[in-house]
file start_10.txt (compact mmCIF, N, CA and C atoms)
# COMPACT_ATOMS: atom_id res chain seq x y z
N MET A 1 -110.56 41.20 52.57
CA MET A 1 -110.50 42.65 52.40
C MET A 1 -109.14 43.14 52.89
N LYS A 2 -108.56 44.06 52.12
CA LYS A 2 -107.23 44.55 52.42
C LYS A 2 -107.15 46.05 52.17
N ALA A 3 -106.61 46.77 53.16
CA ALA A 3 -106.50 48.23 53.05
C ALA A 3 -105.36 48.62 52.13
N PRO A 4 -105.48 49.75 51.44
CA PRO A 4 -104.42 50.20 50.54
C PRO A 4 -103.26 50.86 51.28
N VAL A 5 -102.10 50.80 50.65
CA VAL A 5 -100.95 51.61 51.04
C VAL A 5 -100.98 52.79 50.08
N VAL A 6 -100.87 54.01 50.61
CA VAL A 6 -101.00 55.20 49.76
C VAL A 6 -99.69 55.97 49.76
N LYS A 7 -99.24 56.37 48.56
CA LYS A 7 -98.03 57.17 48.40
C LYS A 7 -98.31 58.32 47.45
N VAL A 8 -97.79 59.49 47.80
CA VAL A 8 -97.88 60.66 46.94
C VAL A 8 -96.47 61.02 46.50
N THR A 9 -96.27 61.14 45.20
CA THR A 9 -94.96 61.43 44.65
C THR A 9 -95.06 62.44 43.52
N GLN A 10 -93.92 63.02 43.16
CA GLN A 10 -93.86 63.92 42.01
C GLN A 10 -92.63 63.63 41.19
N TYR A 11 -92.74 63.81 39.88
CA TYR A 11 -91.64 63.60 38.96
C TYR A 11 -91.61 64.74 37.96
N PRO A 12 -90.42 65.26 37.65
CA PRO A 12 -90.34 66.30 36.63
C PRO A 12 -90.66 65.73 35.25
N VAL A 13 -91.45 66.47 34.49
CA VAL A 13 -91.78 66.08 33.11
C VAL A 13 -90.86 66.85 32.17
N ASP A 14 -90.78 68.15 32.34
CA ASP A 14 -89.85 69.00 31.62
C ASP A 14 -89.70 70.27 32.45
N ASN A 15 -88.97 71.25 31.94
CA ASN A 15 -88.74 72.47 32.71
C ASN A 15 -90.06 73.14 33.08
N GLY A 16 -90.28 73.28 34.37
CA GLY A 16 -91.47 73.97 34.85
C GLY A 16 -92.71 73.11 34.97
N THR A 17 -92.65 71.82 34.67
CA THR A 17 -93.82 70.95 34.77
C THR A 17 -93.48 69.71 35.58
N LEU A 18 -94.37 69.38 36.51
CA LEU A 18 -94.24 68.16 37.30
C LEU A 18 -95.45 67.26 37.07
N MET A 19 -95.23 65.96 37.15
CA MET A 19 -96.33 64.99 37.18
C MET A 19 -96.47 64.59 38.64
N VAL A 20 -97.67 64.79 39.19
CA VAL A 20 -97.95 64.47 40.59
C VAL A 20 -98.83 63.23 40.63
N HIS A 21 -98.43 62.23 41.43
CA HIS A 21 -99.15 60.96 41.51
C HIS A 21 -99.67 60.72 42.92
N CYS A 22 -100.87 60.20 43.01
CA CYS A 22 -101.40 59.66 44.25
C CYS A 22 -101.70 58.20 43.95
N ARG A 23 -100.93 57.29 44.57
CA ARG A 23 -101.07 55.86 44.28
C ARG A 23 -101.56 55.13 45.51
N ALA A 24 -102.52 54.26 45.30
CA ALA A 24 -103.00 53.36 46.34
C ALA A 24 -102.78 51.95 45.81
N TYR A 25 -102.06 51.13 46.57
CA TYR A 25 -101.80 49.78 46.08
C TYR A 25 -102.00 48.75 47.18
N GLY A 26 -102.26 47.52 46.74
CA GLY A 26 -102.48 46.43 47.68
C GLY A 26 -103.88 46.39 48.24
N HIS A 27 -104.84 47.05 47.58
CA HIS A 27 -106.19 47.10 48.13
C HIS A 27 -107.11 46.07 47.49
N TYR A 28 -108.02 45.58 48.31
CA TYR A 28 -109.09 44.69 47.86
C TYR A 28 -110.28 44.91 48.78
N PRO A 29 -111.47 45.13 48.27
CA PRO A 29 -111.88 45.02 46.88
C PRO A 29 -111.36 46.16 46.00
N LYS A 30 -111.70 46.03 44.73
CA LYS A 30 -111.20 46.91 43.68
C LYS A 30 -111.66 48.37 43.83
N ASP A 31 -112.92 48.56 44.24
CA ASP A 31 -113.49 49.92 44.29
C ASP A 31 -112.76 50.79 45.31
N ILE A 32 -112.35 51.98 44.84
CA ILE A 32 -111.62 52.92 45.68
C ILE A 32 -111.90 54.33 45.17
N SER A 33 -111.88 55.28 46.08
CA SER A 33 -112.08 56.68 45.70
C SER A 33 -110.77 57.43 45.93
N ILE A 34 -110.24 58.02 44.86
CA ILE A 34 -109.05 58.87 44.95
C ILE A 34 -109.40 60.21 44.30
N MET A 35 -109.08 61.30 44.98
CA MET A 35 -109.38 62.62 44.42
C MET A 35 -108.27 63.59 44.80
N TRP A 36 -107.96 64.50 43.88
CA TRP A 36 -107.00 65.57 44.10
C TRP A 36 -107.73 66.89 44.29
N TYR A 37 -107.19 67.74 45.18
CA TYR A 37 -107.71 69.08 45.42
C TYR A 37 -106.56 70.07 45.33
N LYS A 38 -106.86 71.25 44.79
CA LYS A 38 -105.87 72.34 44.73
C LYS A 38 -106.40 73.47 45.59
N ASN A 39 -105.67 73.78 46.64
CA ASN A 39 -106.08 74.82 47.59
C ASN A 39 -107.52 74.61 48.07
N GLY A 40 -107.88 73.36 48.32
CA GLY A 40 -109.20 73.02 48.85
C GLY A 40 -110.28 72.82 47.81
N GLN A 41 -110.00 73.11 46.54
CA GLN A 41 -110.98 72.96 45.47
C GLN A 41 -110.69 71.69 44.68
N GLN A 42 -111.72 70.89 44.45
CA GLN A 42 -111.55 69.63 43.71
C GLN A 42 -111.06 69.91 42.30
N ILE A 43 -110.05 69.16 41.87
CA ILE A 43 -109.53 69.29 40.51
C ILE A 43 -110.40 68.43 39.59
N SER A 44 -110.71 68.95 38.42
CA SER A 44 -111.56 68.25 37.46
C SER A 44 -110.93 66.93 37.02
N LEU A 45 -111.73 65.88 36.97
CA LEU A 45 -111.24 64.56 36.55
C LEU A 45 -110.74 64.56 35.11
N GLU A 46 -111.23 65.49 34.27
CA GLU A 46 -110.77 65.57 32.88
C GLU A 46 -109.30 65.97 32.80
N MET A 47 -108.77 66.60 33.85
CA MET A 47 -107.37 67.04 33.85
C MET A 47 -106.43 65.95 34.36
N MET A 48 -106.99 64.80 34.76
CA MET A 48 -106.18 63.78 35.40
C MET A 48 -106.18 62.48 34.60
N GLU A 49 -105.17 61.67 34.89
CA GLU A 49 -105.05 60.34 34.30
C GLU A 49 -105.25 59.32 35.42
N ARG A 50 -106.24 58.45 35.25
CA ARG A 50 -106.52 57.42 36.25
C ARG A 50 -106.08 56.07 35.70
N THR A 51 -105.37 55.30 36.52
CA THR A 51 -104.90 53.98 36.15
C THR A 51 -105.30 53.00 37.23
N MET A 52 -105.83 51.84 36.82
CA MET A 52 -106.12 50.78 37.77
C MET A 52 -105.59 49.47 37.19
N LEU A 53 -104.75 48.79 37.97
CA LEU A 53 -104.14 47.55 37.51
C LEU A 53 -104.32 46.45 38.55
N PRO A 54 -104.59 45.22 38.09
CA PRO A 54 -104.60 44.09 39.02
C PRO A 54 -103.16 43.69 39.33
N LEU A 55 -102.91 43.30 40.57
CA LEU A 55 -101.58 42.84 40.98
C LEU A 55 -101.60 41.33 41.13
N LEU A 56 -100.42 40.71 41.17
CA LEU A 56 -100.32 39.26 41.21
C LEU A 56 -100.93 38.65 42.48
N ASP A 57 -100.97 39.42 43.57
CA ASP A 57 -101.52 38.89 44.82
C ASP A 57 -103.04 39.09 44.92
N LEU A 58 -103.68 39.34 43.78
CA LEU A 58 -105.14 39.53 43.65
C LEU A 58 -105.64 40.81 44.31
N THR A 59 -104.73 41.77 44.54
CA THR A 59 -105.13 43.10 45.00
C THR A 59 -104.99 44.05 43.80
N TYR A 60 -105.17 45.33 44.04
CA TYR A 60 -105.15 46.31 42.95
C TYR A 60 -104.23 47.48 43.25
N LEU A 61 -103.77 48.12 42.17
CA LEU A 61 -103.05 49.38 42.23
C LEU A 61 -103.89 50.40 41.49
N THR A 62 -104.16 51.51 42.15
CA THR A 62 -104.92 52.59 41.52
C THR A 62 -104.10 53.87 41.65
N SER A 63 -103.99 54.62 40.56
CA SER A 63 -103.21 55.85 40.55
C SER A 63 -104.01 56.96 39.90
N LEU A 64 -103.91 58.15 40.47
CA LEU A 64 -104.53 59.34 39.89
C LEU A 64 -103.43 60.39 39.77
N SER A 65 -103.14 60.82 38.53
CA SER A 65 -102.00 61.70 38.26
C SER A 65 -102.44 62.88 37.42
N PHE A 66 -101.66 63.98 37.54
CA PHE A 66 -101.89 65.14 36.68
C PHE A 66 -100.63 65.97 36.63
N ASN A 67 -100.55 66.84 35.63
CA ASN A 67 -99.40 67.74 35.47
C ASN A 67 -99.64 69.03 36.22
N VAL A 68 -98.58 69.52 36.86
CA VAL A 68 -98.62 70.78 37.60
C VAL A 68 -97.62 71.73 36.93
N THR A 69 -98.09 72.92 36.56
CA THR A 69 -97.20 73.91 35.97
C THR A 69 -97.17 75.19 36.80
N SER A 70 -97.88 75.20 37.90
CA SER A 70 -97.96 76.39 38.74
C SER A 70 -96.65 76.66 39.45
N MET A 71 -96.27 77.92 39.55
CA MET A 71 -95.07 78.29 40.29
C MET A 71 -95.44 78.88 41.66
N ALA A 72 -96.72 79.07 41.93
CA ALA A 72 -97.16 79.66 43.19
C ALA A 72 -97.06 78.65 44.31
N ASP A 73 -97.23 79.10 45.53
CA ASP A 73 -97.19 78.23 46.70
C ASP A 73 -98.54 77.55 46.90
N ASP A 74 -98.94 76.76 45.92
CA ASP A 74 -100.22 76.05 45.99
C ASP A 74 -100.09 74.82 46.87
N VAL A 75 -101.22 74.43 47.47
CA VAL A 75 -101.27 73.21 48.27
C VAL A 75 -102.20 72.24 47.55
N TYR A 76 -101.64 71.07 47.20
CA TYR A 76 -102.42 70.01 46.57
C TYR A 76 -102.68 68.95 47.63
N THR A 77 -103.89 68.40 47.61
CA THR A 77 -104.28 67.41 48.60
C THR A 77 -104.81 66.17 47.91
N CYS A 78 -104.27 65.02 48.30
CA CYS A 78 -104.77 63.75 47.80
C CYS A 78 -105.64 63.14 48.90
N ARG A 79 -106.85 62.74 48.54
CA ARG A 79 -107.76 62.08 49.48
C ARG A 79 -108.13 60.72 48.92
N VAL A 80 -108.00 59.70 49.78
CA VAL A 80 -108.30 58.32 49.39
C VAL A 80 -109.28 57.73 50.39
N ASN A 81 -110.32 57.10 49.87
CA ASN A 81 -111.27 56.37 50.71
C ASN A 81 -111.46 54.97 50.14
N HIS A 82 -111.47 53.99 51.04
CA HIS A 82 -111.66 52.60 50.66
C HIS A 82 -112.49 51.93 51.74
N SER A 83 -113.25 50.91 51.38
CA SER A 83 -114.14 50.25 52.33
C SER A 83 -113.42 49.64 53.53
N THR A 84 -112.11 49.40 53.41
CA THR A 84 -111.35 48.81 54.51
C THR A 84 -110.78 49.85 55.47
N MET A 85 -110.92 51.13 55.13
CA MET A 85 -110.32 52.20 55.93
C MET A 85 -111.33 52.76 56.91
N LEU A 86 -110.95 52.86 58.20
CA LEU A 86 -111.83 53.47 59.18
C LEU A 86 -111.99 54.96 58.91
N ARG A 87 -110.87 55.60 58.58
CA ARG A 87 -110.90 57.01 58.17
C ARG A 87 -110.19 57.11 56.84
N GLY A 88 -110.61 58.03 56.02
CA GLY A 88 -109.95 58.21 54.74
C GLY A 88 -108.55 58.74 54.92
N PHE A 89 -107.72 58.55 53.91
CA PHE A 89 -106.35 59.03 53.90
C PHE A 89 -106.33 60.41 53.26
N THR A 90 -105.61 61.35 53.88
CA THR A 90 -105.45 62.69 53.31
C THR A 90 -103.99 63.09 53.44
N GLN A 91 -103.39 63.54 52.33
CA GLN A 91 -102.03 64.06 52.39
C GLN A 91 -101.93 65.33 51.58
N ASP A 92 -101.41 66.39 52.22
CA ASP A 92 -101.16 67.64 51.52
C ASP A 92 -99.80 67.56 50.85
N TRP A 93 -99.70 68.20 49.69
CA TRP A 93 -98.47 68.20 48.91
C TRP A 93 -98.20 69.64 48.49
N ASN A 94 -97.15 70.23 49.06
CA ASN A 94 -96.79 71.61 48.73
C ASN A 94 -95.79 71.62 47.60
N ILE A 95 -96.07 72.43 46.61
CA ILE A 95 -95.14 72.61 45.50
C ILE A 95 -94.79 74.08 45.50
N SER A 96 -93.54 74.38 45.80
CA SER A 96 -93.16 75.77 45.88
C SER A 96 -91.79 75.96 45.28
N GLY A 97 -91.47 77.19 44.96
CA GLY A 97 -90.15 77.53 44.45
C GLY A 97 -89.99 77.16 42.99
N ASP A 98 -88.75 77.22 42.54
CA ASP A 98 -88.42 76.95 41.15
C ASP A 98 -88.08 75.48 40.99
N PHE A 99 -89.06 74.70 40.50
CA PHE A 99 -88.78 73.28 40.30
C PHE A 99 -88.41 72.99 38.86
N GLY A 100 -88.14 74.02 38.08
CA GLY A 100 -87.68 73.82 36.72
C GLY A 100 -86.28 73.21 36.67
N ASN A 101 -85.53 73.33 37.77
CA ASN A 101 -84.19 72.78 37.81
C ASN A 101 -84.14 71.36 38.34
N LEU A 102 -85.29 70.79 38.70
CA LEU A 102 -85.30 69.42 39.20
C LEU A 102 -84.93 68.46 38.09
N SER A 103 -84.34 67.37 38.45
CA SER A 103 -83.95 66.36 37.48
C SER A 103 -84.57 65.04 37.85
N SER A 104 -85.05 64.28 36.87
CA SER A 104 -85.66 62.99 37.14
C SER A 104 -84.62 61.90 37.31
N ALA A 105 -83.38 62.17 36.92
CA ALA A 105 -82.32 61.17 37.05
C ALA A 105 -81.17 61.77 37.83
N PRO A 106 -80.48 60.96 38.62
CA PRO A 106 -79.34 61.49 39.34
C PRO A 106 -78.25 61.92 38.38
N THR A 107 -77.52 62.95 38.77
CA THR A 107 -76.44 63.42 37.93
C THR A 107 -75.16 63.43 38.74
N GLY A 108 -74.07 63.63 38.07
CA GLY A 108 -72.79 63.70 38.76
C GLY A 108 -71.88 62.59 38.27
N PRO A 109 -70.64 62.59 38.75
CA PRO A 109 -69.67 61.62 38.27
C PRO A 109 -70.00 60.19 38.65
N TYR A 110 -70.74 59.97 39.73
CA TYR A 110 -71.01 58.60 40.16
C TYR A 110 -71.96 57.87 39.21
N VAL A 111 -72.73 58.57 38.40
CA VAL A 111 -73.63 57.91 37.45
C VAL A 111 -72.81 57.14 36.42
N GLY A 112 -71.76 57.75 35.90
CA GLY A 112 -70.89 57.07 34.94
C GLY A 112 -70.21 55.86 35.56
N ALA A 113 -69.81 56.00 36.82
CA ALA A 113 -69.17 54.87 37.51
C ALA A 113 -70.14 53.71 37.67
N VAL A 114 -71.37 54.00 38.03
CA VAL A 114 -72.38 52.95 38.20
C VAL A 114 -72.64 52.25 36.87
N ILE A 115 -72.76 53.01 35.79
CA ILE A 115 -72.98 52.42 34.47
C ILE A 115 -71.78 51.56 34.08
N GLY A 116 -70.57 52.06 34.32
CA GLY A 116 -69.37 51.30 34.00
C GLY A 116 -69.29 49.99 34.76
N ILE A 117 -69.62 50.02 36.03
CA ILE A 117 -69.61 48.80 36.85
C ILE A 117 -70.63 47.80 36.34
N CYS A 118 -71.83 48.28 36.00
CA CYS A 118 -72.88 47.39 35.48
C CYS A 118 -72.43 46.72 34.17
N VAL A 119 -71.85 47.50 33.28
CA VAL A 119 -71.37 46.94 32.01
C VAL A 119 -70.28 45.90 32.27
N ALA A 120 -69.36 46.20 33.20
CA ALA A 120 -68.29 45.27 33.51
C ALA A 120 -68.84 43.96 34.08
N VAL A 121 -69.82 44.04 34.96
CA VAL A 121 -70.41 42.84 35.55
C VAL A 121 -71.08 41.99 34.47
N VAL A 122 -71.80 42.63 33.56
CA VAL A 122 -72.46 41.90 32.48
C VAL A 122 -71.41 41.21 31.60
N LEU A 123 -70.34 41.91 31.27
CA LEU A 123 -69.29 41.31 30.45
C LEU A 123 -68.64 40.13 31.15
N ILE A 124 -68.39 40.25 32.43
CA ILE A 124 -67.79 39.14 33.17
C ILE A 124 -68.71 37.93 33.17
N VAL A 125 -69.99 38.15 33.39
CA VAL A 125 -70.95 37.04 33.40
C VAL A 125 -70.99 36.36 32.03
N VAL A 126 -70.99 37.14 30.95
CA VAL A 126 -71.02 36.57 29.60
C VAL A 126 -69.74 35.78 29.32
N ILE A 127 -68.59 36.32 29.70
CA ILE A 127 -67.31 35.62 29.47
C ILE A 127 -67.27 34.32 30.26
N VAL A 128 -67.68 34.34 31.51
CA VAL A 128 -67.70 33.13 32.33
C VAL A 128 -68.66 32.10 31.73
N ALA A 129 -69.83 32.53 31.30
CA ALA A 129 -70.80 31.59 30.72
C ALA A 129 -70.23 30.93 29.46
N PHE A 130 -69.66 31.72 28.56
CA PHE A 130 -69.07 31.13 27.35
C PHE A 130 -67.90 30.23 27.69
N GLY A 131 -67.09 30.61 28.67
CA GLY A 131 -65.97 29.77 29.09
C GLY A 131 -66.44 28.43 29.61
N LEU A 132 -67.51 28.43 30.41
CA LEU A 132 -68.05 27.17 30.93
C LEU A 132 -68.60 26.29 29.82
N VAL A 133 -69.30 26.88 28.87
CA VAL A 133 -69.84 26.11 27.74
C VAL A 133 -68.69 25.52 26.93
N PHE A 134 -67.68 26.30 26.62
CA PHE A 134 -66.52 25.81 25.85
C PHE A 134 -65.81 24.69 26.60
N PHE A 135 -65.60 24.87 27.91
CA PHE A 135 -64.93 23.86 28.73
C PHE A 135 -65.73 22.57 28.76
N ALA A 136 -67.06 22.67 28.90
CA ALA A 136 -67.92 21.49 28.96
C ALA A 136 -67.88 20.74 27.62
N LYS A 137 -67.86 21.45 26.50
CA LYS A 137 -67.82 20.80 25.19
C LYS A 137 -66.47 20.13 24.94
N SER A 138 -65.40 20.73 25.42
CA SER A 138 -64.07 20.17 25.18
C SER A 138 -63.80 18.94 26.05
N ARG A 139 -64.56 18.71 27.08
CA ARG A 139 -64.36 17.58 27.99
C ARG A 139 -65.22 16.37 27.64
N LYS A 140 -66.08 16.49 26.63
CA LYS A 140 -66.92 15.35 26.26
C LYS A 140 -66.03 14.24 25.69
N PRO A 141 -66.20 13.01 26.18
CA PRO A 141 -65.40 11.88 25.65
C PRO A 141 -65.82 11.53 24.22
N CYS A 142 -64.87 11.17 23.47
CA CYS A 142 -65.15 10.73 22.08
C CYS A 142 -65.42 9.24 22.11
N ILE A 143 -66.50 8.84 21.53
CA ILE A 143 -66.85 7.42 21.45
C ILE A 143 -66.72 7.01 20.00
N SER A 144 -65.82 6.05 19.74
CA SER A 144 -65.65 5.61 18.36
C SER A 144 -66.09 4.17 18.23
N GLY A 145 -66.60 3.86 17.13
CA GLY A 145 -67.13 2.54 16.98
C GLY A 145 -66.67 1.81 15.85

call {"tool": "encode", "arguments": {"input": "start_10.txt", "output": "structure tokens"}}
result
Amino acid sequence: MKAPVVKVTQYPVDNGTLMVHCRAYGHYPKDISIMWYKNGQQISLEMMERTMLPLLDLTYLTSLSFNVTSMADDVYTCRVNHSTMLRGFTQDWNISGDFGNLSSAPTGPYVGAVIGICVAVVLIVVIVAFGLVFFAKSRKPCISG
């Protein structure tokens, strides 16, 4: 039996909408209870997407996600219960202000630099690999009979 690690995160979907996730991973057995609440009221399961995946270490990842479009100072709460937990996990998630300007990817001049460096590294690896193959083929002794 193994207790889950729980993380609550949010990602922008588009202007004014966030995807909020409550993820529990590394738990065994498989059965787990995850629920979202908005201002203390349980959110309907029909509004959420539930995912459960087996992991390579024979534990599980379970996620419960939904879209948030509210601009008010609402409090969302993720509650997780599992047979390995002495007390359930509870985390409040405040979404406030204008999150329409949030970006899911970093921006700024350093993004181009990182992409350029990655491309350069890949090109160097490809050139070195082809050079080694060419060098190895040119060094093979000729056997004539």

call {"tool": "atom_distance", "arguments": {"input": "start_10.txt", "atom1": "atom N of Thr69 in chain A", "atom2": "CA of Met35 in chain A"}}
result
17.2 Å

call {"tool": "residues_around", "arguments": {"input": "start_10.txt", "residues": "Lys38 in chain A", "least_positions_apart": "4", "cutoff": "6 Å", "atoms": "only N, CA and C atoms", "output": "CSV table (one decimal) with N, CA and C atoms, in the coordinates of the input"}}
result
chain,number,residue,atom,x,y,z
A,42,GLN,N,-111.7,70.9,44.4
A,42,GLN,CA,-111.6,69.6,43.7
A,42,GLN,C,-111.1,69.9,42.3
A,43,ILE,N,-110.0,69.2,41.9
A,43,ILE,CA,-109.5,69.3,40.5
A,43,ILE,C,-110.4,68.4,39.6
A,75,VAL,N,-101.2,74.4,47.5
A,75,VAL,CA,-101.3,73.2,48.3
A,75,VAL,C,-102.2,72.2,47.6
A,76,TYR,N,-101.6,71.1,47.2
A,76,TYR,CA,-102.4,70.0,46.6
A,76,TYR,C,-102.7,69.0,47.6
A,77,THR,N,-103.9,68.4,47.6
A,77,THR,CA,-104.3,67.4,48.6
A,77,THR,C,-104.8,66.2,47.9

call {"tool": "atom_distance", "arguments": {"input": "start_10.txt", "atom1": "atom N of Val13 in chain A", "atom2": "CA of Tyr25 in chain A"}}
result
22.8 Å

call {"tool": "residues_near_point", "arguments": {"input": "start_10.txt", "point": "(-99.9, 59.5, 46.5)", "cutoff": "8 Å", "atoms": "only C-alpha atoms", "output": "VMD selection string"}}
result
chain A and resid 6 to 9 20 to 24 63 78 91

call {"tool": "atom_distance", "arguments": {"input": "start_10.txt", "atom1": "CA of Glu49 in chain A", "atom2": "CA of Ser65 in chain A"}}
result
5.2 Å
